[in-house]
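Have a look at the structure below, then the notes.
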Amino acid sequence: MTDAFELVRRLVAVESPTGAEGPATALLGMHLRALGYRVELQEVSPGRENIYAWREPPALVFSTHLDTVPPYIPLREDTEFIHGRGSCDAKGLAAAMVAAAERLAARGEHRIGLLFVVGEENGSDGAQAAARLAPKGRFLINGEPTDNRLTIGQKGALRVDLFAAGRAAHSAYPAEGDSALLPLLDAIERVRALPLPEDPLLGPSTLNVGLVRGGVAPNVIPPEATAQLLIRTVGPTDELKAEIVRAAGTRVTVRFAVEIPAYKGSAPPGWDATVVSFASDLPFLLPWGRCFQMGPGSIRVAHTAEERIAKAEFLEGVNRYVALATDLLATEAA
């Protein structure tokens with residue numbers, strides 16, 4: 001059986017940012033083999049692998065990601081919390097899923113798969129690659145920190161990269177140069193003025209101007225400028241993309257660098273559910289069957305210096321995973 005808290009500690013203690021997930025993958029793969037799982041490693045890119053483990057062909061798969069955002073925050077523990085990068089997003093959830101699968105196995109239910117992917121924090125390349133794995137079940141429970149609430153909808157994410165080129169000159173003679181920064185700033189304002197779509201379930205789209213870079217010095221006309229915007233989307237984006245390109249104008253090049261679709265599903269009978277504004281791997285996991293999302297921990301401390309997971313909430317998360325899996329497998333047998 002898995003000592004769930006010890007597995008959280010071991011996973012959080014290793015550094016595994018997106019692109020360098022190997023230490024966490026190796027640790028968890030070894031742990032699952034020791035428990036008697038058949039473990040398959042799927043290469044996503046050189047040195048980066050998804051883990052897929054099962055005992056019998058699965059009817060239900062637990063899944064979450066092993067990569068984290070930087071910077072690394074070391075493991076720390078007190079009586080109430082386990083602190084550190086990945087404690088709630090989402091290494092702690094991986095440990096809770098292993099514990100839930102072991103509890104179900106102790107009851108005789110061996111049709112549980114465990115899928116742990118890389119790359120969720122930057123484009124979901126691991127989840128997209130996982131579509132090629134087999135065997136698949138009929139249900140998948142994705143782990144994200146939702147305060148242990150079942151979520152049936154989430155906003156998508158569309159990253160918009162803007163580029164402008166100009167010509168450098170001494171700022172005392174501005175007519176001899178061509179600022180790249182001014183048309184970029186104008187383009188940002190036009191994009192910000194666009195009416196964004198809304199959805200009855202997911203609510204309004206939102207836009208964040210996250211990064212603006214340009215120029216070399218105050219006394220030099222900026223020869224180049226770039227910006228990155230992130231839109232939390234609530235539906236199809238083809239029309240929105242076209243509007244953004246038009247709003248950017250002829251001086252600014254637009255690239256849609258990353259897109260994660262919005263998702264809407266439904267809850268099983270007897271389960272209260274909510275929606276979230278963040279994006280996750282969930283829309284890329286639909287080939288695995290009917291999908292759900294839930295996990296202990298709060299998204300509001302994920303990605304921050306205060307990332308942590310409450311021990312009591314973690315244990316309740318294990319219970320919730322077992323209960324949801326049990327209910328879903330019962331509908332399969334009915």
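Ligands are numbered from 1 in the order shown, residues from 1 within each chain, and chains are lettered A, B, ... in the order they appear in the structure tokens.
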
Do you know which residues are at most 9 Å from Asp272 in chain A counting only C-alpha atoms, after dropping those on the same chain fewer than 4 positions away, and could you put them as a PyMOL selection string? chain A and resi 149-151+267-268

Pick out the residues sitting within 12 Å of Leu328 in chain A, and hand them over as a list in words; count only C-alpha atoms, and ignore anything fewer than 2 positions along from it in its own chain. Ala59, Leu60, Val61, Ile112, Gly137, Arg138, Phe139, Leu140, Ile141, Ala267, Pro268, Pro269, Gly270, Trp271, Gly289, Arg290, Cys291, Phe292, Tyr321, Val322, Ala323, Leu324, Ala325, Thr326, Ala330, Thr331, Glu332, Ala333 and Ala334 of chain A

Requested write-out: N, CA and C atoms of the selected residues, as a short mmCIF file (atom, residue, chain, number, x, y, z; two decimals), in the first residue's frame:
```cif
data_model
loop_
_atom_site.label_atom_id
_atom_site.label_comp_id
_atom_site.auth_asym_id
_atom_site.auth_seq_id
_atom_site.Cartn_x
_atom_site.Cartn_y
_atom_site.Cartn_z
N ALA A 59 -11.12 0.40 -16.73
CA ALA A 59 -12.42 0.99 -17.03
C ALA A 59 -12.42 2.47 -16.70
N LEU A 60 -11.55 2.87 -15.77
CA LEU A 60 -11.46 4.27 -15.34
C LEU A 60 -9.98 4.62 -15.14
N VAL A 61 -9.63 5.84 -15.54
CA VAL A 61 -8.25 6.30 -15.42
C VAL A 61 -8.21 7.57 -14.58
N ILE A 112 -8.37 0.05 -12.74
CA ILE A 112 -8.03 1.46 -12.59
C ILE A 112 -6.68 1.73 -13.25
N GLY A 137 -10.03 3.46 -20.93
CA GLY A 137 -11.27 3.07 -20.28
C GLY A 137 -12.44 3.90 -20.79
N ARG A 138 -13.51 3.92 -19.99
CA ARG A 138 -14.70 4.70 -20.34
C ARG A 138 -14.77 6.03 -19.61
N PHE A 139 -13.99 6.16 -18.52
CA PHE A 139 -14.03 7.37 -17.70
C PHE A 139 -12.60 7.83 -17.39
N LEU A 140 -12.45 9.14 -17.25
CA LEU A 140 -11.17 9.71 -16.81
C LEU A 140 -11.47 10.80 -15.79
N ILE A 141 -10.74 10.77 -14.68
CA ILE A 141 -10.82 11.83 -13.66
C ILE A 141 -9.51 12.58 -13.69
N ALA A 267 -22.30 16.46 -14.68
CA ALA A 267 -21.98 15.74 -13.45
C ALA A 267 -22.74 14.42 -13.40
N PRO A 268 -22.18 13.39 -12.75
CA PRO A 268 -22.95 12.16 -12.53
C PRO A 268 -24.04 12.42 -11.51
N PRO A 269 -25.06 11.57 -11.48
CA PRO A 269 -26.16 11.77 -10.53
C PRO A 269 -25.66 11.86 -9.08
N GLY A 270 -26.23 12.82 -8.35
CA GLY A 270 -25.92 12.95 -6.93
C GLY A 270 -24.69 13.78 -6.61
N TRP A 271 -24.01 14.30 -7.61
CA TRP A 271 -22.80 15.08 -7.38
C TRP A 271 -23.04 16.55 -7.70
N GLY A 289 -12.55 8.98 -22.88
CA GLY A 289 -13.91 8.69 -22.43
C GLY A 289 -14.55 9.90 -21.79
N ARG A 290 -15.55 9.64 -20.97
CA ARG A 290 -16.24 10.73 -20.28
C ARG A 290 -15.33 11.28 -19.19
N CYS A 291 -15.12 12.59 -19.22
CA CYS A 291 -14.09 13.20 -18.37
C CYS A 291 -14.68 14.05 -17.25
N PHE A 292 -14.00 14.02 -16.11
CA PHE A 292 -14.36 14.80 -14.94
C PHE A 292 -13.08 15.42 -14.37
N TYR A 321 -11.94 10.89 -4.53
CA TYR A 321 -11.56 10.14 -5.73
C TYR A 321 -12.13 8.72 -5.68
N VAL A 322 -12.04 8.08 -4.53
CA VAL A 322 -12.59 6.73 -4.39
C VAL A 322 -14.09 6.75 -4.61
N ALA A 323 -14.78 7.72 -4.03
CA ALA A 323 -16.24 7.78 -4.16
C ALA A 323 -16.67 8.03 -5.60
N LEU A 324 -16.00 8.97 -6.28
CA LEU A 324 -16.38 9.27 -7.66
C LEU A 324 -16.10 8.08 -8.56
N ALA A 325 -14.93 7.45 -8.40
CA ALA A 325 -14.63 6.28 -9.21
C ALA A 325 -15.65 5.16 -8.96
N THR A 326 -16.01 4.95 -7.72
CA THR A 326 -16.97 3.91 -7.37
C THR A 326 -18.32 4.18 -8.04
N ALA A 330 -20.00 1.97 -11.06
CA ALA A 330 -21.32 1.37 -10.83
C ALA A 330 -22.25 1.64 -11.99
N THR A 331 -22.15 2.84 -12.60
CA THR A 331 -23.00 3.11 -13.77
C THR A 331 -22.58 2.26 -14.94
N GLU A 332 -21.31 1.90 -15.04
CA GLU A 332 -20.86 1.03 -16.12
C GLU A 332 -21.44 -0.36 -15.96
N ALA A 333 -21.51 -0.82 -14.69
CA ALA A 333 -22.02 -2.17 -14.44
C ALA A 333 -23.52 -2.26 -14.56
N ALA A 334 -24.21 -1.10 -14.42
CA ALA A 334 -25.68 -1.12 -14.42
C ALA A 334 -26.24 -1.50 -15.78
#
```

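Comparing the minimum interatomic distances between Ala130 in chain A and each of A:Glu239, A:Glu49, A:Glu316, A:Asp3, counting only C-alpha atoms, we find that A:Glu49 sits nearest.
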
Skip range 17-33 of chain A itself and residues of its chain fewer than 3 positions away, then list as a PyMOL selection string all residues within 7 Å of it, counting only C-alpha atoms. chain A and resi 11+14+36-39+47-48+51+66-70+118-119+121-122

What does the file look like for those residues with N, CA and C atoms, as a JSON list (two decimals), in the first residue's frame?
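The resulting file, selection10.json, is reproduced below:
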```json
[["chain", "number", "residue", "atom", "x", "y", "z"],
["A", 11, "LEU", "N", 7.76, 13.42, -3.95],
["A", 11, "LEU", "CA", 7.54, 14.09, -5.23],
["A", 11, "LEU", "C", 7.84, 15.58, -5.15],
["A", 14, "VAL", "N", 11.61, 16.70, -5.27],
["A", 14, "VAL", "CA", 12.39, 16.72, -6.51],
["A", 14, "VAL", "C", 11.90, 17.88, -7.40],
["A", 36, "GLY", "N", 3.36, -3.19, -8.14],
["A", 36, "GLY", "CA", 2.87, -4.26, -8.99],
["A", 36, "GLY", "C", 2.16, -3.82, -10.25],
["A", 37, "TYR", "N", 2.26, -2.54, -10.59],
["A", 37, "TYR", "CA", 1.63, -2.06, -11.82],
["A", 37, "TYR", "C", 2.48, -2.39, -13.03],
["A", 38, "ARG", "N", 1.83, -2.60, -14.14],
["A", 38, "ARG", "CA", 2.50, -2.57, -15.44],
["A", 38, "ARG", "C", 2.69, -1.10, -15.79],
["A", 39, "VAL", "N", 3.91, -0.67, -16.04],
["A", 39, "VAL", "CA", 4.21, 0.74, -16.26],
["A", 39, "VAL", "C", 4.76, 0.93, -17.66],
["A", 47, "GLY", "N", 13.97, 13.01, -23.47],
["A", 47, "GLY", "CA", 14.15, 13.20, -22.05],
["A", 47, "GLY", "C", 12.89, 13.46, -21.26],
["A", 48, "ARG", "N", 11.73, 13.45, -21.92],
["A", 48, "ARG", "CA", 10.46, 13.76, -21.26],
["A", 48, "ARG", "C", 9.46, 12.66, -21.59],
["A", 51, "ILE", "N", 3.76, 8.76, -18.00],
["A", 51, "ILE", "CA", 3.67, 7.45, -17.33],
["A", 51, "ILE", "C", 2.24, 6.95, -17.45],
["A", 66, "LEU", "N", 2.77, 16.08, -13.84],
["A", 66, "LEU", "CA", 3.93, 16.06, -12.95],
["A", 66, "LEU", "C", 4.81, 17.29, -13.09],
["A", 67, "ASP", "N", 4.61, 18.09, -14.12],
["A", 67, "ASP", "CA", 5.43, 19.29, -14.28],
["A", 67, "ASP", "C", 4.91, 20.41, -13.39],
["A", 68, "THR", "N", 5.79, 21.33, -13.07],
["A", 68, "THR", "CA", 5.43, 22.48, -12.25],
["A", 68, "THR", "C", 5.92, 23.75, -12.91],
["A", 69, "VAL", "N", 5.40, 24.87, -12.45],
["A", 69, "VAL", "CA", 5.94, 26.16, -12.87],
["A", 69, "VAL", "C", 7.21, 26.44, -12.05],
["A", 70, "PRO", "N", 8.14, 27.23, -12.61],
["A", 70, "PRO", "CA", 9.25, 27.72, -11.78],
["A", 70, "PRO", "C", 8.79, 28.91, -10.94],
["A", 118, "VAL", "N", 3.37, 15.01, -18.70],
["A", 118, "VAL", "CA", 4.27, 16.16, -18.64],
["A", 118, "VAL", "C", 3.64, 17.31, -19.41],
["A", 119, "GLY", "N", 4.17, 18.51, -19.21],
["A", 119, "GLY", "CA", 3.88, 19.62, -20.11],
["A", 119, "GLY", "C", 2.59, 20.37, -19.90],
["A", 121, "GLU", "N", 1.79, 22.74, -17.91],
["A", 121, "GLU", "CA", 1.94, 24.16, -17.62],
["A", 121, "GLU", "C", 2.36, 24.98, -18.85],
["A", 122, "ASN", "N", 2.60, 24.32, -19.97],
["A", 122, "ASN", "CA", 3.02, 25.05, -21.16],
["A", 122, "ASN", "C", 2.57, 24.34, -22.43]]
```

Using only C-alpha atoms, which residues sit within 7 Å of Val276 in chain A once same-chain residues fewer than 2 positions away are excluded, as a PyMOL selection string? chain A and resi 151+153-155+274+278

Can you pull out the residues contacting Asp89 in chain A? Cut-off 10 Å, using only C-alpha atoms, and skip same-chain residues under 2 positions away; I want them as a list in words.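 The neighbour list is Thr64, His65, Leu66, Asp67, Thr68, Val69, Gly84, Arg85, Gly86, Ser87, Lys91, Gly92, Leu93, Ala94, Glu121, Gly143, Glu144, Pro145, Gly295, Pro296, Gly297, Ser298, Ile299, Val301, Ala302, His303, Glu307, Arg308 and Ile309 of chain A.
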
DSSP strand (DSSP E or B) residues within range 52-254 of chain A, as a PyMOL selection string: chain A and resi 52-54+60-65+68+76-77+81-83+112-117+139-142+146+150-154+156-165+167+170+178+198-199+203-204+206-214+220+224-233+252-254

Point-to-point distance from CA of Ile152 in chain A to CA of Met294 in chain A, Å rounded to tenths: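 Those two atoms sit 9.2 Å apart.
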
Near range 226-229 of chain A, within 10 Å and counting only C-alpha atoms, which residues show up once chain neighbours fewer than 6 positions away are dropped, as a PyMOL selection string? chain A and resi 158-165+180-181+184-185+188+191-192+207-215+252-257

Atoms kept (N, CA and C atoms) for selection, written as an mmCIF file, in the first residue's frame:
```cif
data_model
loop_
_atom_site.group_PDB
_atom_site.id
_atom_site.type_symbol
_atom_site.label_atom_id
_atom_site.label_comp_id
_atom_site.auth_asym_id
_atom_site.auth_seq_id
_atom_site.Cartn_x
_atom_site.Cartn_y
_atom_site.Cartn_z
ATOM 1 N N LEU A 158 -6.054 31.269 -24.649
ATOM 2 C CA LEU A 158 -5.511 31.619 -25.963
ATOM 3 C C LEU A 158 -4.406 32.644 -25.761
ATOM 4 N N ARG A 159 -3.166 32.240 -26.038
ATOM 5 C CA ARG A 159 -2.050 33.185 -25.928
ATOM 6 C C ARG A 159 -1.839 33.878 -27.258
ATOM 7 N N VAL A 160 -1.779 35.190 -27.191
ATOM 8 C CA VAL A 160 -1.638 36.017 -28.381
ATOM 9 C C VAL A 160 -0.281 36.711 -28.318
ATOM 10 N N ASP A 161 0.600 36.405 -29.269
ATOM 11 C CA ASP A 161 1.913 37.041 -29.346
ATOM 12 C C ASP A 161 1.886 38.110 -30.434
ATOM 13 N N LEU A 162 2.312 39.314 -30.096
ATOM 14 C CA LEU A 162 2.338 40.444 -31.024
ATOM 15 C C LEU A 162 3.786 40.859 -31.276
ATOM 16 N N PHE A 163 4.104 41.155 -32.540
ATOM 17 C CA PHE A 163 5.455 41.551 -32.929
ATOM 18 C C PHE A 163 5.381 42.798 -33.808
ATOM 19 N N ALA A 164 6.263 43.761 -33.565
ATOM 20 C CA ALA A 164 6.350 44.956 -34.412
ATOM 21 C C ALA A 164 7.820 45.272 -34.662
ATOM 22 N N ALA A 165 8.120 45.702 -35.878
ATOM 23 C CA ALA A 165 9.481 46.069 -36.255
ATOM 24 C C ALA A 165 9.523 47.540 -36.644
ATOM 25 N N ALA A 180 8.966 50.977 -33.211
ATOM 26 C CA ALA A 180 8.184 49.736 -33.207
ATOM 27 C C ALA A 180 7.225 49.692 -32.030
ATOM 28 N N LEU A 181 7.552 50.417 -30.963
ATOM 29 C CA LEU A 181 6.757 50.320 -29.746
ATOM 30 C C LEU A 181 5.416 51.026 -29.866
ATOM 31 N N LEU A 184 2.788 48.973 -31.610
ATOM 32 C CA LEU A 184 2.449 47.835 -30.755
ATOM 33 C C LEU A 184 1.494 48.268 -29.658
ATOM 34 N N LEU A 185 1.773 49.394 -29.006
ATOM 35 C CA LEU A 185 0.888 49.879 -27.946
ATOM 36 C C LEU A 185 -0.499 50.206 -28.487
ATOM 37 N N ILE A 188 -2.330 46.943 -28.969
ATOM 38 C CA ILE A 188 -2.808 46.393 -27.699
ATOM 39 C C ILE A 188 -4.094 47.084 -27.268
ATOM 40 N N VAL A 191 -6.986 45.827 -29.367
ATOM 41 C CA VAL A 191 -7.380 44.469 -28.975
ATOM 42 C C VAL A 191 -8.133 44.512 -27.643
ATOM 43 N N ARG A 192 -7.657 45.324 -26.713
ATOM 44 C CA ARG A 192 -8.334 45.439 -25.414
ATOM 45 C C ARG A 192 -9.759 45.982 -25.551
ATOM 46 N N LEU A 207 -9.216 39.149 -20.592
ATOM 47 C CA LEU A 207 -7.948 39.376 -21.287
ATOM 48 C C LEU A 207 -6.925 39.956 -20.325
ATOM 49 N N ASN A 208 -5.714 39.417 -20.378
ATOM 50 C CA ASN A 208 -4.618 39.929 -19.566
ATOM 51 C C ASN A 208 -3.443 40.291 -20.463
ATOM 52 N N VAL A 209 -2.954 41.534 -20.342
ATOM 53 C CA VAL A 209 -1.724 41.939 -21.017
ATOM 54 C C VAL A 209 -0.588 41.554 -20.071
ATOM 55 N N GLY A 210 0.066 40.457 -20.385
ATOM 56 C CA GLY A 210 1.001 39.894 -19.434
ATOM 57 C C GLY A 210 2.440 40.340 -19.589
ATOM 58 N N LEU A 211 2.842 40.663 -20.823
ATOM 59 C CA LEU A 211 4.253 40.967 -21.054
ATOM 60 C C LEU A 211 4.373 41.927 -22.235
ATOM 61 N N VAL A 212 5.112 43.012 -22.031
ATOM 62 C CA VAL A 212 5.413 43.969 -23.102
ATOM 63 C C VAL A 212 6.904 44.264 -23.044
ATOM 64 N N ARG A 213 7.576 44.125 -24.186
ATOM 65 C CA ARG A 213 9.002 44.407 -24.260
ATOM 66 C C ARG A 213 9.279 45.237 -25.508
ATOM 67 N N GLY A 214 10.205 46.191 -25.395
ATOM 68 C CA GLY A 214 10.546 46.976 -26.573
ATOM 69 C C GLY A 214 11.650 47.963 -26.294
ATOM 70 N N GLY A 215 12.426 48.261 -27.343
ATOM 71 C CA GLY A 215 13.435 49.289 -27.237
ATOM 72 C C GLY A 215 14.712 48.834 -26.583
ATOM 73 N N VAL A 252 1.647 45.294 -37.158
ATOM 74 C CA VAL A 252 1.883 44.315 -36.092
ATOM 75 C C VAL A 252 1.536 42.910 -36.587
ATOM 76 N N THR A 253 2.461 41.991 -36.368
ATOM 77 C CA THR A 253 2.256 40.584 -36.707
ATOM 78 C C THR A 253 1.676 39.852 -35.497
ATOM 79 N N VAL A 254 0.692 38.995 -35.759
ATOM 80 C CA VAL A 254 0.011 38.254 -34.696
ATOM 81 C C VAL A 254 0.319 36.771 -34.836
ATOM 82 N N ARG A 255 0.638 36.149 -33.715
ATOM 83 C CA ARG A 255 0.801 34.693 -33.688
ATOM 84 C C ARG A 255 0.024 34.150 -32.491
ATOM 85 N N PHE A 256 -0.788 33.128 -32.742
ATOM 86 C CA PHE A 256 -1.537 32.476 -31.667
ATOM 87 C C PHE A 256 -0.693 31.290 -31.203
ATOM 88 N N ALA A 257 0.107 31.538 -30.173
ATOM 89 C CA ALA A 257 1.177 30.618 -29.811
ATOM 90 C C ALA A 257 0.689 29.383 -29.080
#
```

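With distances restricted to only C-alpha atoms, A:Arg111 is the closest residue to Leu329 in chain A from A:Arg76, A:Arg111, A:Arg167, A:Arg10.
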
CA of Tyr263 in chain A to CA of Gly235 in chain A, distance in Å rounded to a single decimal: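 Atom-to-atom, CA of Tyr263 in chain A and CA of Gly235 in chain A are spaced 7.9 Å apart.
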
CA of Ala34 in chain A to CA of Asn50 in chain A, distance in Å rounded to a single decimal: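 A separation of 17.8 Å between them.
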
Would you kindly return, as a PyMOL selection string, each protein, DNA or RNA residue with an atom no farther than 7 Å from any atom of Pro197 in chain A, considering only C-alpha atoms and excluding same-chain residues fewer than 5 positions away? chain A and resi 204-205+234

Save out the residues we just selected, N, CA and C atoms, as a PDB file, in the first residue's frame.
```pdb
ATOM      1  N   PRO A 204     -17.915  35.395 -18.646  1.00  0.00           N
ATOM      2  CA  PRO A 204     -17.264  36.216 -19.669  1.00  0.00           C
ATOM      3  C   PRO A 204     -15.826  35.777 -19.933  1.00  0.00           C
ATOM      4  N   SER A 205     -15.393  35.981 -21.168  1.00  0.00           N
ATOM      5  CA  SER A 205     -13.966  35.884 -21.465  1.00  0.00           C
ATOM      6  C   SER A 205     -13.236  37.035 -20.787  1.00  0.00           C
ATOM      7  N   VAL A 234     -14.207  31.141 -23.747  1.00  0.00           N
ATOM      8  CA  VAL A 234     -15.385  30.408 -23.279  1.00  0.00           C
ATOM      9  C   VAL A 234     -16.077  29.629 -24.393  1.00  0.00           C
TER      10      VAL A 234
END
```

List every residue of range 114-276 of chain A that DSSP, applied to the backbone of this structure, places in helix (DSSP H, G or I), and write the result as an NGL selection string. :A and (120-122 or 125-130 or 174-176 or 181-192 or 238-248)

Please write the residues from the selection above to a file, keeping C-alpha atoms, as an mmCIF file, in the first residue's frame.
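The result, written out as out14.cif:
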```
data_model
loop_
_atom_site.group_PDB
_atom_site.id
_atom_site.type_symbol
_atom_site.label_atom_id
_atom_site.label_comp_id
_atom_site.auth_asym_id
_atom_site.auth_seq_id
_atom_site.Cartn_x
_atom_site.Cartn_y
_atom_site.Cartn_z
ATOM 1 C CA GLU A 120 0.554 20.787 -18.663
ATOM 2 C CA GLU A 121 1.937 24.163 -17.622
ATOM 3 C CA ASN A 122 3.021 25.048 -21.164
ATOM 4 C CA ASP A 125 2.000 18.399 -25.115
ATOM 5 C CA GLY A 126 1.974 15.429 -22.731
ATOM 6 C CA ALA A 127 -1.816 15.171 -22.650
ATOM 7 C CA GLN A 128 -1.993 15.456 -26.431
ATOM 8 C CA ALA A 129 0.586 12.701 -26.881
ATOM 9 C CA ALA A 130 -1.296 10.489 -24.408
ATOM 10 C CA PRO A 174 12.935 60.970 -34.328
ATOM 11 C CA ALA A 175 12.131 61.576 -37.993
ATOM 12 C CA GLU A 176 15.134 59.463 -38.916
ATOM 13 C CA LEU A 181 6.757 50.320 -29.746
ATOM 14 C CA LEU A 182 4.109 52.908 -30.648
ATOM 15 C CA PRO A 183 2.203 50.754 -33.177
ATOM 16 C CA LEU A 184 2.449 47.835 -30.755
ATOM 17 C CA LEU A 185 0.888 49.879 -27.946
ATOM 18 C CA ASP A 186 -1.849 51.082 -30.300
ATOM 19 C CA ALA A 187 -2.546 47.487 -31.337
ATOM 20 C CA ILE A 188 -2.808 46.393 -27.699
ATOM 21 C CA GLU A 189 -5.354 49.121 -27.011
ATOM 22 C CA ARG A 190 -7.445 48.122 -30.021
ATOM 23 C CA VAL A 191 -7.380 44.469 -28.975
ATOM 24 C CA ARG A 192 -8.334 45.439 -25.414
ATOM 25 C CA ASP A 238 -12.070 31.364 -34.954
ATOM 26 C CA GLU A 239 -14.068 34.613 -35.084
ATOM 27 C CA LEU A 240 -12.193 36.071 -32.117
ATOM 28 C CA LYS A 241 -8.844 35.319 -33.751
ATOM 29 C CA ALA A 242 -9.917 37.061 -36.950
ATOM 30 C CA GLU A 243 -11.008 40.122 -34.973
ATOM 31 C CA ILE A 244 -7.665 40.236 -33.168
ATOM 32 C CA VAL A 245 -5.737 40.110 -36.449
ATOM 33 C CA ARG A 246 -7.831 42.964 -37.854
ATOM 34 C CA ALA A 247 -7.452 45.011 -34.679
ATOM 35 C CA ALA A 248 -3.676 44.559 -34.631
#
```
